[in-house]
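Raw contents of query.csv, CSV, C-alpha atoms:
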```csv
chain,number,residue,atom,x,y,z
O,1,MET,CA,79.9,-27.8,2.9
O,2,LEU,CA,81.3,-26.9,-0.5
O,3,GLY,CA,84.3,-28.7,-2.0
O,4,GLU,CA,87.4,-26.8,-2.8
O,5,PHE,CA,86.8,-26.5,-6.5
O,6,GLU,CA,83.2,-25.5,-5.9
O,7,TYR,CA,84.3,-22.7,-3.7
O,8,VAL,CA,86.9,-21.6,-6.3
O,9,LEU,CA,84.2,-21.6,-9.0
O,10,ILE,CA,81.6,-19.7,-7.0
O,11,THR,CA,84.2,-17.1,-5.9
O,12,THR,CA,85.5,-16.6,-9.5
O,13,ALA,CA,81.9,-16.3,-10.8
O,14,VAL,CA,81.1,-13.7,-8.2
O,15,GLY,CA,84.2,-11.7,-9.1
O,16,LEU,CA,83.3,-11.8,-12.8
O,17,GLY,CA,79.8,-10.6,-12.1
O,18,GLU,CA,77.8,-10.1,-15.3
O,19,GLU,CA,80.7,-11.5,-17.4
O,20,ALA,CA,80.7,-14.9,-15.7
O,21,TYR,CA,80.6,-17.7,-18.3
O,22,GLY,CA,82.6,-20.9,-19.0
O,23,ALA,CA,85.6,-19.6,-20.8
O,24,ALA,CA,86.0,-16.5,-18.7
O,25,ILE,CA,85.7,-18.5,-15.4
O,26,ARG,CA,88.3,-21.0,-16.7
O,27,ALA,CA,90.7,-18.2,-17.7
O,28,GLU,CA,90.4,-16.6,-14.2
O,29,ILE,CA,90.8,-19.9,-12.4
O,30,GLU,CA,93.9,-20.8,-14.4
O,31,ALA,CA,95.4,-17.3,-13.9
O,32,ALA,CA,94.7,-17.3,-10.2
O,33,ALA,CA,95.4,-20.9,-9.3
O,34,GLY,CA,98.2,-21.4,-11.8
O,35,ARG,CA,96.9,-24.8,-12.8
O,36,LYS,CA,95.0,-26.2,-15.7
O,37,CYS,CA,91.2,-26.3,-15.4
O,38,SER,CA,89.4,-28.6,-17.8
O,39,LEU,CA,86.0,-27.6,-19.3
O,40,GLY,CA,84.7,-31.0,-18.2
O,41,ALA,CA,85.4,-30.4,-14.6
O,42,LEU,CA,84.1,-26.8,-14.9
O,43,TYR,CA,80.7,-27.8,-16.5
O,44,THR,CA,80.1,-30.8,-14.4
O,45,THR,CA,80.8,-28.8,-11.2
O,46,LEU,CA,78.4,-26.1,-12.5
O,47,ASP,CA,75.7,-28.7,-13.0
O,48,ARG,CA,76.2,-29.9,-9.5
O,49,LEU,CA,76.1,-26.4,-8.0
O,50,GLU,CA,73.0,-25.6,-10.1
O,51,SER,CA,71.2,-28.8,-8.8
O,52,LYS,CA,72.0,-27.6,-5.3
O,53,GLY,CA,70.5,-24.2,-6.1
O,54,LEU,CA,73.9,-22.4,-5.5
O,55,VAL,CA,74.2,-21.0,-9.1
O,56,GLU,CA,71.9,-20.3,-12.0
O,57,THR,CA,73.0,-20.8,-15.6
O,58,TRP,CA,71.4,-20.0,-18.9
O,59,MET,CA,72.5,-19.8,-22.5
O,60,GLY,CA,73.4,-16.2,-23.3
O,61,GLY,CA,74.5,-14.3,-26.3
O,62,ALA,CA,76.9,-15.3,-29.1
O,63,THR,CA,79.9,-13.4,-30.2
O,64,ALA,CA,82.0,-13.5,-33.4
O,65,GLN,CA,85.0,-14.4,-31.3
O,66,ARG,CA,83.2,-17.6,-30.4
O,67,GLY,CA,82.2,-18.4,-34.0
O,68,GLY,CA,78.7,-17.3,-33.3
O,69,ARG,CA,78.2,-19.8,-30.5
O,70,ALA,CA,76.3,-19.0,-27.3
O,71,LYS,CA,77.9,-18.7,-23.9
O,72,ARG,CA,76.7,-20.6,-20.8
O,73,MET,CA,76.2,-17.7,-18.4
O,74,VAL,CA,76.5,-18.1,-14.6
O,75,ARG,CA,75.0,-16.2,-11.8
O,76,VAL,CA,75.7,-17.1,-8.1
O,77,THR,CA,72.5,-17.2,-6.0
O,78,THR,CA,72.1,-15.9,-2.5
O,79,GLN,CA,72.5,-19.5,-1.2
O,80,GLY,CA,75.7,-19.8,-3.2
O,81,VAL,CA,77.1,-16.7,-1.7
O,82,GLN,CA,76.2,-18.0,1.8
O,83,ALA,CA,77.8,-21.4,1.1
O,84,ALA,CA,81.0,-19.7,-0.1
O,85,LYS,CA,81.1,-17.5,3.1
O,86,GLU,CA,80.7,-20.6,5.3
O,87,PHE,CA,83.4,-22.4,3.4
O,88,TYR,CA,85.8,-19.4,3.8
O,89,ASN,CA,85.0,-18.9,7.5
O,90,THR,CA,85.5,-22.6,8.2
O,91,VAL,CA,88.9,-22.6,6.4
O,92,MET,CA,89.9,-19.5,8.3
O,93,ARG,CA,88.9,-21.0,11.7
O,94,VAL,CA,90.7,-24.3,11.2
O,95,SER,CA,93.8,-22.5,9.9
O,96,ARG,CA,94.3,-20.5,13.1
O,97,GLY,CA,97.5,-21.6,14.6
O,98,ALA,CA,98.8,-23.3,11.5
O,99,SER,CA,102.5,-22.7,11.1
O,100,TRP,CA,102.1,-21.2,7.6
O,101,VAL,CA,99.5,-18.6,8.7
O,102,ALA,CA,100.9,-15.2,9.5
O,103,GLN,CA,100.3,-14.2,13.1
B,104,MET,CA,94.4,-25.2,-35.2
B,105,THR,CA,94.1,-26.6,-38.7
B,106,GLY,CA,90.8,-27.2,-40.5
B,107,LEU,CA,91.2,-30.9,-40.0
B,108,GLY,CA,91.9,-30.6,-36.3
B,109,TRP,CA,88.9,-28.4,-35.9
B,110,ALA,CA,86.7,-30.9,-37.7
B,111,VAL,CA,87.9,-33.7,-35.4
B,112,VAL,CA,87.1,-31.6,-32.3
B,113,GLN,CA,83.7,-30.7,-33.8
B,114,GLY,CA,83.1,-34.4,-34.5
B,115,ALA,CA,83.9,-35.3,-30.9
B,116,SER,CA,81.5,-32.5,-29.7
B,117,ARG,CA,78.7,-34.3,-31.5
B,118,LEU,CA,78.6,-36.7,-28.6
B,119,LEU,CA,77.4,-33.9,-26.3
B,120,GLY,CA,74.0,-32.4,-25.9
B,121,ARG,CA,73.1,-29.3,-27.9
B,122,ASP,CA,73.6,-26.7,-25.2
B,123,ASP,CA,76.8,-28.4,-24.0
B,124,ARG,CA,78.2,-28.5,-27.5
B,125,GLU,CA,77.3,-24.9,-28.1
B,126,ALA,CA,79.0,-23.7,-24.9
B,127,VAL,CA,82.0,-25.9,-25.1
B,128,MET,CA,82.8,-25.3,-28.8
B,129,GLY,CA,82.4,-21.5,-28.2
B,130,ASP,CA,84.8,-21.7,-25.2
B,131,VAL,CA,87.3,-23.7,-27.3
B,132,ALA,CA,87.1,-21.2,-30.1
B,133,GLU,CA,87.5,-18.3,-27.7
B,134,ALA,CA,90.4,-19.7,-25.9
B,135,CYS,CA,92.4,-20.4,-29.2
B,136,PHE,CA,94.1,-23.4,-27.7
B,137,GLY,CA,95.9,-26.0,-29.9
B,138,PHE,CA,94.4,-29.2,-31.2
B,139,GLY,CA,95.5,-31.4,-28.2
B,140,ARG,CA,94.1,-29.1,-25.5
B,141,ALA,CA,90.9,-28.5,-27.4
B,142,LEU,CA,90.3,-32.2,-28.1
B,143,SER,CA,91.1,-33.2,-24.5
B,144,ASP,CA,88.7,-30.5,-23.2
B,145,VAL,CA,85.8,-31.8,-25.4
B,146,LEU,CA,86.5,-35.5,-24.7
B,147,ASP,CA,86.9,-34.9,-21.0
B,148,LEU,CA,83.3,-33.5,-20.9
B,149,VAL,CA,82.0,-36.2,-23.2
B,150,ILE,CA,83.4,-38.9,-20.9
B,151,ARG,CA,82.0,-37.2,-17.7
B,152,ARG,CA,78.6,-36.9,-19.4
B,153,GLN,CA,78.6,-40.5,-20.5
B,154,VAL,CA,79.6,-41.7,-17.0
B,155,ASP,CA,76.7,-39.7,-15.6
B,156,LEU,CA,74.3,-41.2,-18.2
B,157,TRP,CA,75.4,-44.8,-17.4
B,158,LYS,CA,74.6,-44.3,-13.7
B,159,ASN,CA,71.0,-44.7,-14.7
B,160,TRP,CA,69.4,-48.1,-15.3
B,161,ARG,CA,67.9,-47.1,-18.7
B,162,PRO,CA,70.9,-47.5,-21.0
B,163,TRP,CA,71.8,-50.8,-19.4
B,164,ILE,CA,68.3,-52.2,-20.0
B,165,ALA,CA,68.2,-50.8,-23.5
B,166,ALA,CA,71.6,-52.2,-24.6
B,167,PHE,CA,71.8,-55.6,-22.7
B,168,ALA,CA,68.2,-56.6,-21.9
B,169,LEU,CA,66.6,-55.4,-25.1
B,170,VAL,CA,68.9,-54.7,-28.1
B,171,LEU,CA,71.3,-57.6,-27.7
B,172,PRO,CA,68.8,-60.5,-27.3
B,173,CYS,CA,66.3,-58.9,-29.6
B,174,SER,CA,68.8,-58.5,-32.4
B,175,LEU,CA,69.5,-62.3,-32.3
B,176,SER,CA,65.8,-63.1,-32.3
B,177,LEU,CA,65.0,-60.6,-35.0
B,178,MET,CA,67.7,-62.0,-37.2
B,179,GLY,CA,66.1,-65.4,-36.9
B,180,LEU,CA,62.7,-63.9,-37.7
B,181,SER,CA,64.2,-62.0,-40.7
B,182,LEU,CA,65.6,-65.3,-42.0
B,183,SER,CA,62.2,-67.0,-41.6
B,184,VAL,CA,60.5,-64.2,-43.5
B,185,SER,CA,63.1,-64.4,-46.3
B,186,LYS,CA,62.8,-68.1,-46.6
B,187,THR,CA,59.0,-67.8,-46.8
B,188,VAL,CA,59.3,-65.2,-49.5
B,189,ALA,CA,61.7,-67.5,-51.4
B,190,GLN,CA,59.2,-70.4,-51.1
B,191,ILE,CA,56.4,-68.2,-52.4
B,192,ALA,CA,58.7,-67.3,-55.3
B,193,LEU,CA,59.0,-71.0,-56.0
B,194,HIS,CA,55.2,-71.3,-56.0
B,195,GLU,CA,55.2,-73.7,-53.0
B,196,LYS,CA,51.8,-74.3,-51.6
B,197,GLY,CA,51.0,-73.0,-48.1
B,198,ALA,CA,53.9,-70.5,-48.0
B,199,ALA,CA,51.7,-67.4,-48.0
B,200,LEU,CA,50.0,-68.0,-44.6
B,201,PRO,CA,53.3,-67.9,-42.6
B,202,LEU,CA,54.3,-64.7,-44.4
B,203,VAL,CA,51.0,-63.1,-43.4
B,204,LEU,CA,51.9,-63.8,-39.8
B,205,LEU,CA,55.7,-63.4,-39.8
B,206,GLY,CA,55.8,-60.2,-41.9
B,207,PRO,CA,53.7,-58.0,-39.6
B,208,LEU,CA,55.4,-59.6,-36.6
B,209,LEU,CA,58.8,-58.7,-37.9
B,210,LEU,CA,57.7,-55.2,-38.7
B,211,GLY,CA,55.9,-54.5,-35.4
B,212,TRP,CA,58.5,-56.2,-33.2
B,213,SER,CA,61.5,-54.4,-34.9
B,214,TRP,CA,59.8,-51.1,-34.8
B,215,ALA,CA,58.7,-51.4,-31.1
B,216,GLY,CA,62.2,-52.7,-30.1
B,217,GLY,CA,63.9,-49.8,-31.9
B,218,TYR,CA,61.4,-47.3,-30.4
B,219,VAL,CA,62.0,-48.5,-26.8
B,220,ALA,CA,65.8,-48.6,-27.4
B,221,GLY,CA,65.7,-45.0,-28.7
B,222,SER,CA,63.4,-43.8,-25.8
B,223,LEU,CA,65.5,-45.4,-23.1
B,224,SER,CA,69.0,-44.8,-24.6
B,225,LYS,CA,68.9,-41.2,-25.9
B,226,ARG,CA,72.6,-40.2,-25.8
B,227,THR,CA,73.8,-43.7,-25.1
B,228,LEU,CA,72.2,-45.0,-28.3
B,229,TRP,CA,75.6,-45.6,-29.7
B,230,ALA,CA,76.0,-48.4,-27.1
B,231,SER,CA,72.7,-50.0,-28.2
B,232,ALA,CA,73.8,-49.7,-31.8
B,233,VAL,CA,77.1,-51.5,-31.0
B,234,CYS,CA,75.0,-54.2,-29.1
B,235,CYS,CA,73.0,-54.7,-32.3
B,236,LEU,CA,76.0,-54.5,-34.7
B,237,LEU,CA,78.2,-57.1,-33.0
B,238,PRO,CA,75.7,-60.0,-33.2
B,239,CYS,CA,74.8,-59.0,-36.7
B,240,LEU,CA,78.5,-59.1,-37.8
B,241,PHE,CA,79.0,-62.4,-36.0
B,242,CYS,CA,75.9,-64.0,-37.7
B,243,LEU,CA,76.8,-62.5,-41.1
B,244,SER,CA,80.3,-64.0,-40.9
B,245,ARG,CA,78.9,-67.4,-40.0
B,246,PHE,CA,76.1,-67.4,-42.5
B,247,HIS,CA,76.3,-70.2,-45.1
B,248,GLY,CA,74.3,-73.1,-46.6
B,249,GLN,CA,71.1,-71.2,-46.7
B,250,PRO,CA,68.9,-70.7,-49.8
B,251,VAL,CA,68.7,-66.9,-49.3
B,252,SER,CA,71.3,-64.1,-49.2
B,253,ARG,CA,73.1,-63.5,-45.9
B,254,TYR,CA,71.8,-59.9,-45.9
B,255,CYS,CA,68.3,-61.2,-45.4
B,256,LEU,CA,69.3,-61.4,-41.7
B,257,LEU,CA,69.2,-57.6,-41.6
B,258,LEU,CA,65.5,-57.2,-42.7
B,259,PHE,CA,64.7,-56.0,-39.2
B,260,VAL,CA,67.2,-53.2,-39.3
B,261,LEU,CA,65.2,-50.5,-41.2
B,262,PRO,CA,62.0,-50.7,-39.1
B,263,ALA,CA,64.2,-50.8,-36.0
B,264,ILE,CA,66.1,-47.6,-37.1
B,265,TRP,CA,62.8,-46.0,-37.8
B,266,GLY,CA,61.5,-46.9,-34.4
B,267,ALA,CA,64.7,-45.7,-32.7
B,268,TRP,CA,64.5,-42.4,-34.5
B,269,GLN,CA,60.9,-41.9,-33.3
B,270,GLY,CA,61.9,-42.9,-29.7
B,271,LEU,CA,64.8,-40.5,-29.8
B,272,ARG,CA,62.4,-37.7,-30.7
B,273,ASP,CA,60.0,-38.6,-27.9
B,274,TRP,CA,57.2,-39.3,-30.4
B,275,ARG,CA,54.2,-40.8,-28.5
B,276,ALA,CA,52.1,-43.4,-30.3
B,277,PRO,CA,48.4,-42.8,-30.4
B,278,ARG,CA,46.4,-45.0,-28.0
B,279,SER,CA,44.9,-47.1,-30.8
B,280,LEU,CA,48.3,-47.7,-32.5
B,281,ALA,CA,50.0,-48.6,-29.2
B,282,ILE,CA,47.3,-51.1,-28.3
B,283,GLY,CA,47.2,-52.5,-31.8
B,284,VAL,CA,51.0,-53.0,-32.0
B,285,ALA,CA,51.1,-54.6,-28.5
B,286,LEU,CA,48.2,-57.0,-29.1
B,287,GLY,CA,49.2,-57.7,-32.6
B,288,VAL,CA,52.8,-58.5,-31.8
B,289,THR,CA,51.8,-60.6,-28.8
B,290,VAL,CA,49.2,-62.6,-30.7
B,291,LEU,CA,51.6,-63.1,-33.7
B,292,ALA,CA,54.5,-64.1,-31.4
B,293,VAL,CA,52.4,-66.7,-29.6
B,294,ALA,CA,50.9,-68.0,-32.8
B,295,THR,CA,54.3,-68.4,-34.6
B,296,ALA,CA,56.4,-69.4,-31.6
B,297,SER,CA,57.5,-73.0,-31.4
B,298,GLY,CA,59.9,-75.3,-29.5
B,299,ARG,CA,62.4,-74.1,-27.0
B,300,THR,CA,62.6,-70.6,-28.3
B,301,ALA,CA,58.9,-70.0,-27.7
B,302,LEU,CA,59.2,-68.6,-24.1
B,303,PHE,CA,62.3,-66.6,-25.1
B,304,ALA,CA,60.4,-65.0,-28.0
B,305,CYS,CA,57.4,-64.3,-25.8
B,306,VAL,CA,59.5,-62.6,-23.1
B,307,LEU,CA,61.3,-60.4,-25.7
B,308,ILE,CA,58.1,-58.8,-27.0
B,309,TRP,CA,58.0,-56.6,-23.9
B,310,PRO,CA,58.9,-53.5,-25.9
B,311,ALA,CA,55.4,-53.7,-27.5
B,312,TRP,CA,53.9,-53.4,-24.1
B,313,TYR,CA,56.2,-50.6,-23.1
B,314,LEU,CA,54.4,-48.5,-25.7
B,315,ILE,CA,51.2,-48.8,-23.7
B,316,ALA,CA,53.0,-48.2,-20.4
B,317,ALA,CA,54.6,-45.0,-21.8
B,318,MET,CA,51.2,-43.9,-23.2
B,319,ARG,CA,49.5,-44.5,-19.8
B,320,ARG,CA,52.3,-42.6,-18.0
B,321,ASP,CA,51.9,-39.6,-20.3
B,322,SER,CA,48.2,-39.5,-19.8
B,323,GLN,CA,48.4,-39.4,-16.0
B,324,PRO,CA,47.9,-36.0,-14.5
B,325,ASN,CA,51.0,-34.6,-12.7
```
Can you turn what I pasted into structure tokens?
Amino acid sequence: MLGEFEYVLITTAVGLGEEAYGAAIRAEIEAAAGRKCSLGALYTTLDRLESKGLVETWMGGATAQRGGRAKRMVRVTTQGVQAAKEFYNTVMRVSRGASWVAQ
Amino acid sequence: MTGLGWAVVQGASRLLGRDDREAVMGDVAEACFGFGRALSDVLDLVIRRQVDLWKNWRPWIAAFALVLPCSLSLMGLSLSVSKTVAQIALHEKGAALPLVLLGPLLLGWSWAGGYVAGSLSKRTLWASAVCCLLPCLFCLSRFHGQPVSRYCLLLFVLPAIWGAWQGLRDWRAPRSLAIGVALGVTVLAVATASGRTALFACVLIWPAWYLIAAMRRDSQPN
């Protein structure tokens, strides 16, 4: 099963679609989770997910905003989507009856 | 971020691979964070990448089983070569023959050692460099009472750097060169070894045979 951060990363990348790359994913995670996300954690987690076949990454286009440097683009694979669904369903199942879950 | 701050962050990013550096420096530029956050972002990834690299056996072997002991032996060999050259300069009889043996041995062994260190270390080459630098500094600081300059200890450094550069670039030695270096270094090491250090020296010539092993590995069909 996915880890918490792996789930957050996959879900964020799916939400960003064609615009999923390092800085954009980090900005989304920080905005949604309200906590800092280091690039080290982001890229090492991406590597792990890629080695499991859950995401694909490639070096994309450069922009002037980035000083002409390329982006590491991210695409979630079908297995990645499936793994995220399983994680979500598991969390929902085990959360039933928890006092903080709205009835 | 100031120009100096950016230069520091860029310097730190040199410890990353090319794609990592490109992506991370682009992300840092895009995010417009201050110096502290930018540097911690880069260093965080550098440390995580280094930890990953050191989970492999290769950098350990390169730094501690090759570079550290070979540096000591090669400094001894460099000193022998320098003394022999000094004897030749003084027109001492019989000094030329040892130089014919020791010179090629120093060149071949240093180059092969550097080559293997570069091949095995890659992005952990900095650790191998430290493992070479420390014994060199120690020996240089204690060097006295010899007829030659203390810097003669470092004769092995240039061919070793040359070998390390080729190893880093995954250059593969042609079959004839690999066999020639392996046999030559072995024969010369056995011929010139003496006393208690003989076995030590013979064990430490394994980098020369690594060339042949690497050549055979590359020639095998996948």
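With distances taken over all atoms listed in the file, O:Gly68 is the one residue among O:Gly53, O:Gly68, O:Gly17, O:Gly34 lying closest to chain B.
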Which residue of O:Gly97, O:Gly67, O:Gly61, O:Gly3 approaches chain B most closely, using all atoms listed in the file: O:Gly67
Determine, using only C-alpha atoms, which residues of chain O have any atom at most 8 Å from an atom of chain B, and tabulate each with its shortest atom pair and distance in Å to one decimal place, rows ordered by chain and then rising number, as JSON lines.
```
{"residue": "O:Gly22", "atom": "CA", "partner": "B:Asp130", "partner_atom": "CA", "distance": 6.6}
{"residue": "O:Ala23", "atom": "CA", "partner": "B:Asp130", "partner_atom": "CA", "distance": 4.9}
{"residue": "O:Ser38", "atom": "CA", "partner": "B:Asp144", "partner_atom": "CA", "distance": 5.8}
{"residue": "O:Leu39", "atom": "CA", "partner": "B:Asp144", "partner_atom": "CA", "distance": 5.6}
{"residue": "O:Gly40", "atom": "CA", "partner": "B:Leu148", "partner_atom": "CA", "distance": 3.9}
{"residue": "O:Ala41", "atom": "CA", "partner": "B:Leu148", "partner_atom": "CA", "distance": 7.3}
{"residue": "O:Tyr43", "atom": "CA", "partner": "B:Leu148", "partner_atom": "CA", "distance": 7.7}
{"residue": "O:Thr44", "atom": "CA", "partner": "B:Arg151", "partner_atom": "CA", "distance": 7.4}
{"residue": "O:Met59", "atom": "CA", "partner": "B:Asp122", "partner_atom": "CA", "distance": 7.5}
{"residue": "O:Gln65", "atom": "CA", "partner": "B:Glu133", "partner_atom": "CA", "distance": 5.9}
{"residue": "O:Arg66", "atom": "CA", "partner": "B:Gly129", "partner_atom": "CA", "distance": 4.5}
{"residue": "O:Gly67", "atom": "CA", "partner": "B:Gly129", "partner_atom": "CA", "distance": 6.6}
{"residue": "O:Gly68", "atom": "CA", "partner": "B:Gly129", "partner_atom": "CA", "distance": 7.6}
{"residue": "O:Arg69", "atom": "CA", "partner": "B:Gly129", "partner_atom": "CA", "distance": 5.1}
{"residue": "O:Ala70", "atom": "CA", "partner": "B:Ala126", "partner_atom": "CA", "distance": 5.9}
{"residue": "O:Lys71", "atom": "CA", "partner": "B:Ala126", "partner_atom": "CA", "distance": 5.2}
{"residue": "O:Arg72", "atom": "CA", "partner": "B:Ala126", "partner_atom": "CA", "distance": 5.6}
```
Using only C-alpha atoms, what table do you get, as JSON lines, when you list each residue of segment 161-222 of chain B with an atom no more than 9 Å from segment 241-257 of chain B, its nearest pair of atoms, and their distance in Å rounded to one decimal, rows by chain then rising number?
```
{"residue": "B:Leu175", "atom": "CA", "partner": "B:Cys242", "partner_atom": "CA", "distance": 8.5}
{"residue": "B:Leu177", "atom": "CA", "partner": "B:Leu256", "partner_atom": "CA", "distance": 8.0}
{"residue": "B:Met178", "atom": "CA", "partner": "B:Leu256", "partner_atom": "CA", "distance": 4.8}
{"residue": "B:Gly179", "atom": "CA", "partner": "B:Leu256", "partner_atom": "CA", "distance": 7.0}
{"residue": "B:Leu180", "atom": "CA", "partner": "B:Leu256", "partner_atom": "CA", "distance": 8.1}
{"residue": "B:Ser181", "atom": "CA", "partner": "B:Leu256", "partner_atom": "CA", "distance": 5.2}
{"residue": "B:Leu182", "atom": "CA", "partner": "B:Leu256", "partner_atom": "CA", "distance": 5.4}
{"residue": "B:Val184", "atom": "CA", "partner": "B:Cys255", "partner_atom": "CA", "distance": 8.6}
{"residue": "B:Ser185", "atom": "CA", "partner": "B:Cys255", "partner_atom": "CA", "distance": 6.2}
{"residue": "B:Lys186", "atom": "CA", "partner": "B:Val251", "partner_atom": "CA", "distance": 6.6}
{"residue": "B:Ala189", "atom": "CA", "partner": "B:Val251", "partner_atom": "CA", "distance": 7.3}
```
Residues within 8 Å of segment 6-14 of chain O, all atoms listed in the file, excluding chain neighbours under 4 positions, as an MDAnalysis selection string: chainID O and resid 2 20:21 25 28:29 42 45 49 55 74:76 80:81 84 87
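Put simply, atom CA of Leu209 of chain B is 13.9 Å away from atom CA of Leu286 of chain B.
One finds atom CA of Gly139 of chain B at 28.4 Å from atom CA of Lys225 of chain B.
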Exercise: segment 264-277 of chain B partners within 8 Å, all atoms listed in the file, chain neighbours under 4 positions left out, as a ChimeraX atom specification: /B:213-225,260,281,314,317-318
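Pairwise distance (atom CA of Ala166 of chain B, atom CA of Leu236 of chain B) equals 11.3 Å.
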